[in-house]
file input.cif (mmCIF, N, CA and C atoms)
data_start
#
loop_
_atom_site.label_atom_id
_atom_site.label_comp_id
_atom_site.auth_asym_id
_atom_site.auth_seq_id
_atom_site.Cartn_x
_atom_site.Cartn_y
_atom_site.Cartn_z
N MET P 3 -15.06 34.71 -14.68
CA MET P 3 -14.84 33.30 -14.45
C MET P 3 -13.53 32.90 -15.12
N LYS P 4 -12.71 32.18 -14.37
CA LYS P 4 -11.42 31.73 -14.89
C LYS P 4 -11.49 30.24 -15.19
N VAL P 5 -11.11 29.87 -16.37
CA VAL P 5 -11.09 28.46 -16.77
C VAL P 5 -9.67 27.93 -16.54
N LEU P 6 -9.60 26.84 -15.81
CA LEU P 6 -8.31 26.24 -15.51
C LEU P 6 -8.02 25.08 -16.46
N THR P 7 -6.79 24.95 -16.83
CA THR P 7 -6.38 23.80 -17.63
C THR P 7 -5.88 22.73 -16.67
N PRO P 8 -5.77 21.49 -17.12
CA PRO P 8 -5.27 20.44 -16.23
C PRO P 8 -3.90 20.77 -15.64
N GLU P 9 -3.07 21.47 -16.36
CA GLU P 9 -1.75 21.84 -15.86
C GLU P 9 -1.85 22.83 -14.70
N ASP P 10 -2.94 23.57 -14.61
CA ASP P 10 -3.13 24.55 -13.56
C ASP P 10 -3.65 23.94 -12.25
N VAL P 11 -4.11 22.72 -12.32
CA VAL P 11 -4.73 22.08 -11.16
C VAL P 11 -3.70 21.18 -10.47
N GLN P 12 -3.54 21.39 -9.18
CA GLN P 12 -2.66 20.56 -8.37
C GLN P 12 -3.45 20.04 -7.17
N ILE P 13 -3.30 18.76 -6.92
CA ILE P 13 -4.00 18.13 -5.81
C ILE P 13 -2.96 17.48 -4.91
N ARG P 14 -3.02 17.78 -3.63
CA ARG P 14 -2.12 17.14 -2.67
C ARG P 14 -2.45 15.66 -2.59
N ILE P 15 -1.44 14.82 -2.70
CA ILE P 15 -1.67 13.38 -2.63
C ILE P 15 -2.25 12.99 -1.27
N SER P 16 -1.89 13.72 -0.23
CA SER P 16 -2.40 13.38 1.11
C SER P 16 -3.89 13.66 1.25
N SER P 17 -4.48 14.36 0.28
CA SER P 17 -5.92 14.60 0.34
C SER P 17 -6.72 13.49 -0.36
N LEU P 18 -6.00 12.56 -1.00
CA LEU P 18 -6.66 11.46 -1.69
C LEU P 18 -6.85 10.28 -0.75
N ASP P 19 -7.85 9.46 -1.03
CA ASP P 19 -7.99 8.23 -0.26
C ASP P 19 -7.42 7.07 -1.08
N TYR P 20 -7.43 5.91 -0.51
CA TYR P 20 -6.82 4.74 -1.15
C TYR P 20 -7.41 4.48 -2.53
N HIS P 21 -8.72 4.55 -2.65
CA HIS P 21 -9.37 4.25 -3.93
C HIS P 21 -9.05 5.30 -4.99
N ASP P 22 -8.87 6.56 -4.57
CA ASP P 22 -8.46 7.60 -5.51
C ASP P 22 -7.09 7.27 -6.10
N ILE P 23 -6.16 6.89 -5.23
CA ILE P 23 -4.81 6.55 -5.67
C ILE P 23 -4.84 5.32 -6.57
N LEU P 24 -5.65 4.36 -6.20
CA LEU P 24 -5.77 3.13 -6.98
C LEU P 24 -6.24 3.41 -8.40
N THR P 25 -7.18 4.33 -8.56
CA THR P 25 -7.68 4.65 -9.90
C THR P 25 -6.67 5.43 -10.74
N LEU P 26 -5.73 6.09 -10.09
CA LEU P 26 -4.72 6.85 -10.84
C LEU P 26 -3.57 5.97 -11.33
N LEU P 27 -3.43 4.81 -10.75
CA LEU P 27 -2.34 3.90 -11.11
C LEU P 27 -2.79 2.89 -12.15
N PRO P 28 -1.83 2.33 -12.90
CA PRO P 28 -2.21 1.29 -13.87
C PRO P 28 -2.71 0.05 -13.15
N GLU P 29 -3.30 -0.86 -13.89
CA GLU P 29 -3.84 -2.08 -13.31
C GLU P 29 -2.74 -2.83 -12.56
N MET P 30 -3.10 -3.32 -11.37
CA MET P 30 -2.13 -4.00 -10.52
C MET P 30 -2.64 -5.37 -10.12
N SER P 31 -1.72 -6.24 -9.77
CA SER P 31 -2.09 -7.57 -9.28
C SER P 31 -2.69 -7.43 -7.88
N ASP P 32 -3.29 -8.50 -7.40
CA ASP P 32 -3.87 -8.50 -6.06
C ASP P 32 -2.80 -8.24 -5.00
N ARG P 33 -1.62 -8.84 -5.19
CA ARG P 33 -0.53 -8.63 -4.23
C ARG P 33 -0.09 -7.18 -4.21
N GLN P 34 0.03 -6.57 -5.38
CA GLN P 34 0.42 -5.16 -5.45
C GLN P 34 -0.62 -4.28 -4.78
N GLN P 35 -1.90 -4.57 -5.01
CA GLN P 35 -2.96 -3.80 -4.37
C GLN P 35 -2.93 -3.97 -2.85
N SER P 36 -2.64 -5.17 -2.42
CA SER P 36 -2.56 -5.44 -0.98
C SER P 36 -1.42 -4.64 -0.35
N ILE P 37 -0.28 -4.62 -1.01
CA ILE P 37 0.87 -3.87 -0.49
C ILE P 37 0.56 -2.38 -0.47
N LEU P 38 -0.05 -1.88 -1.54
CA LEU P 38 -0.42 -0.46 -1.58
C LEU P 38 -1.40 -0.12 -0.47
N ASN P 39 -2.37 -0.97 -0.26
CA ASN P 39 -3.36 -0.73 0.80
C ASN P 39 -2.69 -0.69 2.17
N LYS P 40 -1.78 -1.64 2.40
CA LYS P 40 -1.05 -1.67 3.68
C LYS P 40 -0.18 -0.42 3.82
N ALA P 41 0.48 0.00 2.73
CA ALA P 41 1.31 1.20 2.76
C ALA P 41 0.47 2.44 3.04
N PHE P 42 -0.69 2.52 2.43
CA PHE P 42 -1.58 3.67 2.65
C PHE P 42 -1.98 3.73 4.12
N THR P 43 -2.27 2.57 4.71
CA THR P 43 -2.62 2.51 6.12
C THR P 43 -1.45 2.94 7.00
N ILE P 44 -0.24 2.52 6.64
CA ILE P 44 0.96 2.91 7.39
C ILE P 44 1.11 4.42 7.39
N VAL P 45 0.98 5.04 6.22
CA VAL P 45 1.13 6.50 6.10
C VAL P 45 0.07 7.21 6.92
N LYS P 46 -1.16 6.75 6.83
CA LYS P 46 -2.25 7.38 7.58
C LYS P 46 -2.02 7.27 9.09
N LYS P 47 -1.54 6.11 9.55
CA LYS P 47 -1.27 5.94 10.98
C LYS P 47 -0.14 6.85 11.43
N ARG P 48 0.90 6.94 10.63
CA ARG P 48 2.04 7.78 10.99
C ARG P 48 1.65 9.25 11.11
N THR P 49 0.80 9.68 10.21
CA THR P 49 0.41 11.10 10.20
C THR P 49 -0.85 11.34 11.01
N ARG P 50 -1.41 10.26 11.55
CA ARG P 50 -2.65 10.33 12.33
C ARG P 50 -3.78 10.98 11.51
N GLY P 51 -3.67 10.87 10.18
CA GLY P 51 -4.71 11.38 9.30
C GLY P 51 -4.79 12.90 9.22
N GLU P 52 -3.87 13.60 9.90
CA GLU P 52 -3.96 15.06 9.94
C GLU P 52 -2.84 15.75 9.17
N ALA P 53 -1.64 15.24 9.31
CA ALA P 53 -0.49 15.90 8.70
C ALA P 53 -0.45 15.61 7.20
N ARG P 54 0.16 16.50 6.48
CA ARG P 54 0.34 16.29 5.05
C ARG P 54 1.48 15.31 4.83
N TRP P 55 1.35 14.52 3.80
CA TRP P 55 2.40 13.61 3.40
C TRP P 55 2.50 13.67 1.89
N ASP P 56 3.63 13.22 1.36
CA ASP P 56 3.82 13.30 -0.08
C ASP P 56 4.07 11.91 -0.67
N VAL P 57 4.30 11.89 -1.96
CA VAL P 57 4.48 10.61 -2.65
C VAL P 57 5.71 9.86 -2.13
N ASN P 58 6.73 10.57 -1.69
CA ASN P 58 7.91 9.89 -1.14
C ASN P 58 7.58 9.14 0.14
N ASP P 59 6.69 9.70 0.96
CA ASP P 59 6.25 9.00 2.17
C ASP P 59 5.52 7.71 1.80
N LEU P 60 4.70 7.79 0.77
CA LEU P 60 3.95 6.60 0.33
C LEU P 60 4.90 5.56 -0.25
N ILE P 61 5.87 6.00 -1.04
CA ILE P 61 6.85 5.06 -1.61
C ILE P 61 7.62 4.36 -0.50
N TYR P 62 8.06 5.10 0.49
CA TYR P 62 8.78 4.50 1.62
C TYR P 62 7.89 3.46 2.32
N ALA P 63 6.61 3.81 2.50
CA ALA P 63 5.67 2.89 3.16
C ALA P 63 5.43 1.65 2.31
N VAL P 64 5.46 1.79 0.99
CA VAL P 64 5.29 0.63 0.11
C VAL P 64 6.45 -0.34 0.32
N PHE P 65 7.67 0.18 0.37
CA PHE P 65 8.83 -0.69 0.62
C PHE P 65 8.70 -1.37 1.98
N GLU P 66 8.25 -0.62 2.98
CA GLU P 66 8.08 -1.18 4.32
C GLU P 66 6.99 -2.26 4.32
N ALA P 67 5.88 -1.99 3.66
CA ALA P 67 4.78 -2.95 3.61
C ALA P 67 5.20 -4.21 2.85
N ASP P 68 5.97 -4.04 1.79
CA ASP P 68 6.43 -5.18 1.00
C ASP P 68 7.38 -6.04 1.84
N ARG P 69 8.28 -5.41 2.58
CA ARG P 69 9.19 -6.15 3.46
C ARG P 69 8.40 -6.92 4.51
N THR P 70 7.38 -6.29 5.06
CA THR P 70 6.55 -6.93 6.09
C THR P 70 5.86 -8.15 5.51
N GLN P 71 5.29 -8.00 4.31
CA GLN P 71 4.61 -9.14 3.69
C GLN P 71 5.59 -10.26 3.38
N ASP P 72 6.78 -9.90 2.88
CA ASP P 72 7.79 -10.92 2.59
C ASP P 72 8.20 -11.64 3.87
N ASP P 73 8.36 -10.89 4.97
CA ASP P 73 8.72 -11.51 6.25
C ASP P 73 7.63 -12.47 6.70
N GLU P 74 6.37 -12.07 6.53
CA GLU P 74 5.26 -12.93 6.94
C GLU P 74 5.23 -14.19 6.09
N ARG P 75 5.46 -14.04 4.79
CA ARG P 75 5.47 -15.22 3.91
C ARG P 75 6.63 -16.14 4.26
N GLU P 76 7.80 -15.56 4.55
CA GLU P 76 8.97 -16.36 4.90
C GLU P 76 8.70 -17.13 6.19
N ARG P 77 8.08 -16.50 7.16
CA ARG P 77 7.76 -17.18 8.41
C ARG P 77 6.82 -18.35 8.15
N LYS P 78 5.84 -18.14 7.27
CA LYS P 78 4.89 -19.20 6.95
C LYS P 78 5.61 -20.36 6.25
N ARG P 79 6.57 -20.03 5.35
CA ARG P 79 7.31 -21.06 4.65
C ARG P 79 8.19 -21.86 5.61
N GLN P 80 8.70 -21.22 6.64
CA GLN P 80 9.59 -21.88 7.57
C GLN P 80 8.82 -22.69 8.62
N ALA P 81 7.54 -22.46 8.73
CA ALA P 81 6.75 -23.22 9.71
C ALA P 81 6.78 -24.69 9.33
N PRO P 82 6.83 -25.56 10.32
CA PRO P 82 6.88 -26.99 10.00
C PRO P 82 5.60 -27.42 9.28
N LEU P 83 5.80 -28.27 8.30
CA LEU P 83 4.66 -28.78 7.55
C LEU P 83 3.94 -29.83 8.39
N PRO P 84 2.62 -29.91 8.27
CA PRO P 84 1.90 -30.93 9.03
C PRO P 84 2.31 -32.32 8.50
N ARG P 85 2.38 -33.26 9.41
CA ARG P 85 2.75 -34.61 9.01
C ARG P 85 1.58 -35.25 8.25
N PRO P 86 1.91 -35.96 7.19
CA PRO P 86 0.82 -36.63 6.48
C PRO P 86 0.23 -37.75 7.35
N TRP P 87 -1.02 -37.97 7.21
CA TRP P 87 -1.69 -39.00 7.99
C TRP P 87 -1.20 -40.36 7.54
N SER P 88 -0.83 -41.17 8.47
CA SER P 88 -0.39 -42.53 8.11
C SER P 88 -1.44 -43.51 8.61
N GLY P 89 -1.85 -44.34 7.74
CA GLY P 89 -2.93 -45.28 8.05
C GLY P 89 -2.44 -46.60 8.59
N ASN P 90 -1.28 -46.65 9.21
CA ASN P 90 -0.75 -47.92 9.74
C ASN P 90 -1.41 -48.29 11.01
#
call {"tool": "encode", "arguments": {"input": "input.cif", "output": "structure tokens"}}
result
Amino acid sequence: MKVLTPEDVQIRISSLDYHDILTLLPEMSDRQQSILNKAFTIVKKRTRGEARWDVNDLIYAVFEADRTQDDERERKRQAPLPRPWSGN
């Protein structure tokens, strides 16, 4: 029987699910978790859940997901505000 040390163990990031990755990272805000979740979904869709991907793919997807969220927020900010009710 061979005993492995933590340094001997390597796990492909693409074999982890979203919650596994979340537990490996420090505590994050709700927005950060949302962006990570969206990025994880982007990577999974791109690889169709079959191909291997690495941390660089996830980082790229995080930037993409963050841009998408910022674009959505900007569109919401630019939407016309509802007119206040006037009781005249």
call {"tool": "atom_distance", "arguments": {"input": "input.cif", "atom1": "CA of Gln34 (chain P)", "atom2": "CA of Arg48 (chain P)"}}
result
21.0 Å
call {"tool": "closest_residue", "arguments": {"input": "input.cif", "among": "P:Ile44, P:Leu26, P:Leu38, P:Ile15", "to": "Val57 (chain P)", "atoms": "only C-alpha atoms"}}
result
P:Ile15
call {"tool": "closest_residue", "arguments": {"input": "input.cif", "among": "P:Ser36, P:Tyr62, P:Met3, P:Ala67", "to": "Tyr20 (chain P)", "atoms": "only C-alpha atoms"}}
result
P:Ser36
call {"tool": "residues_around", "arguments": {"input": "input.cif", "residues": "Ile37 (chain P)", "least_positions_apart": "3", "cutoff": "6 Å", "atoms": "only N, CA and C atoms", "output": "list in words"}}
result
Asp32, Arg33, Gln34, Lys40, Ala41, Phe42, Val64, Ala67 and Asp68 of chain P
call {"tool": "atom_distance", "arguments": {"input": "input.cif", "atom1": "CA of Thr25 (chain P)", "atom2": "atom N of Ile61 (chain P)"}}
result
16.2 Å
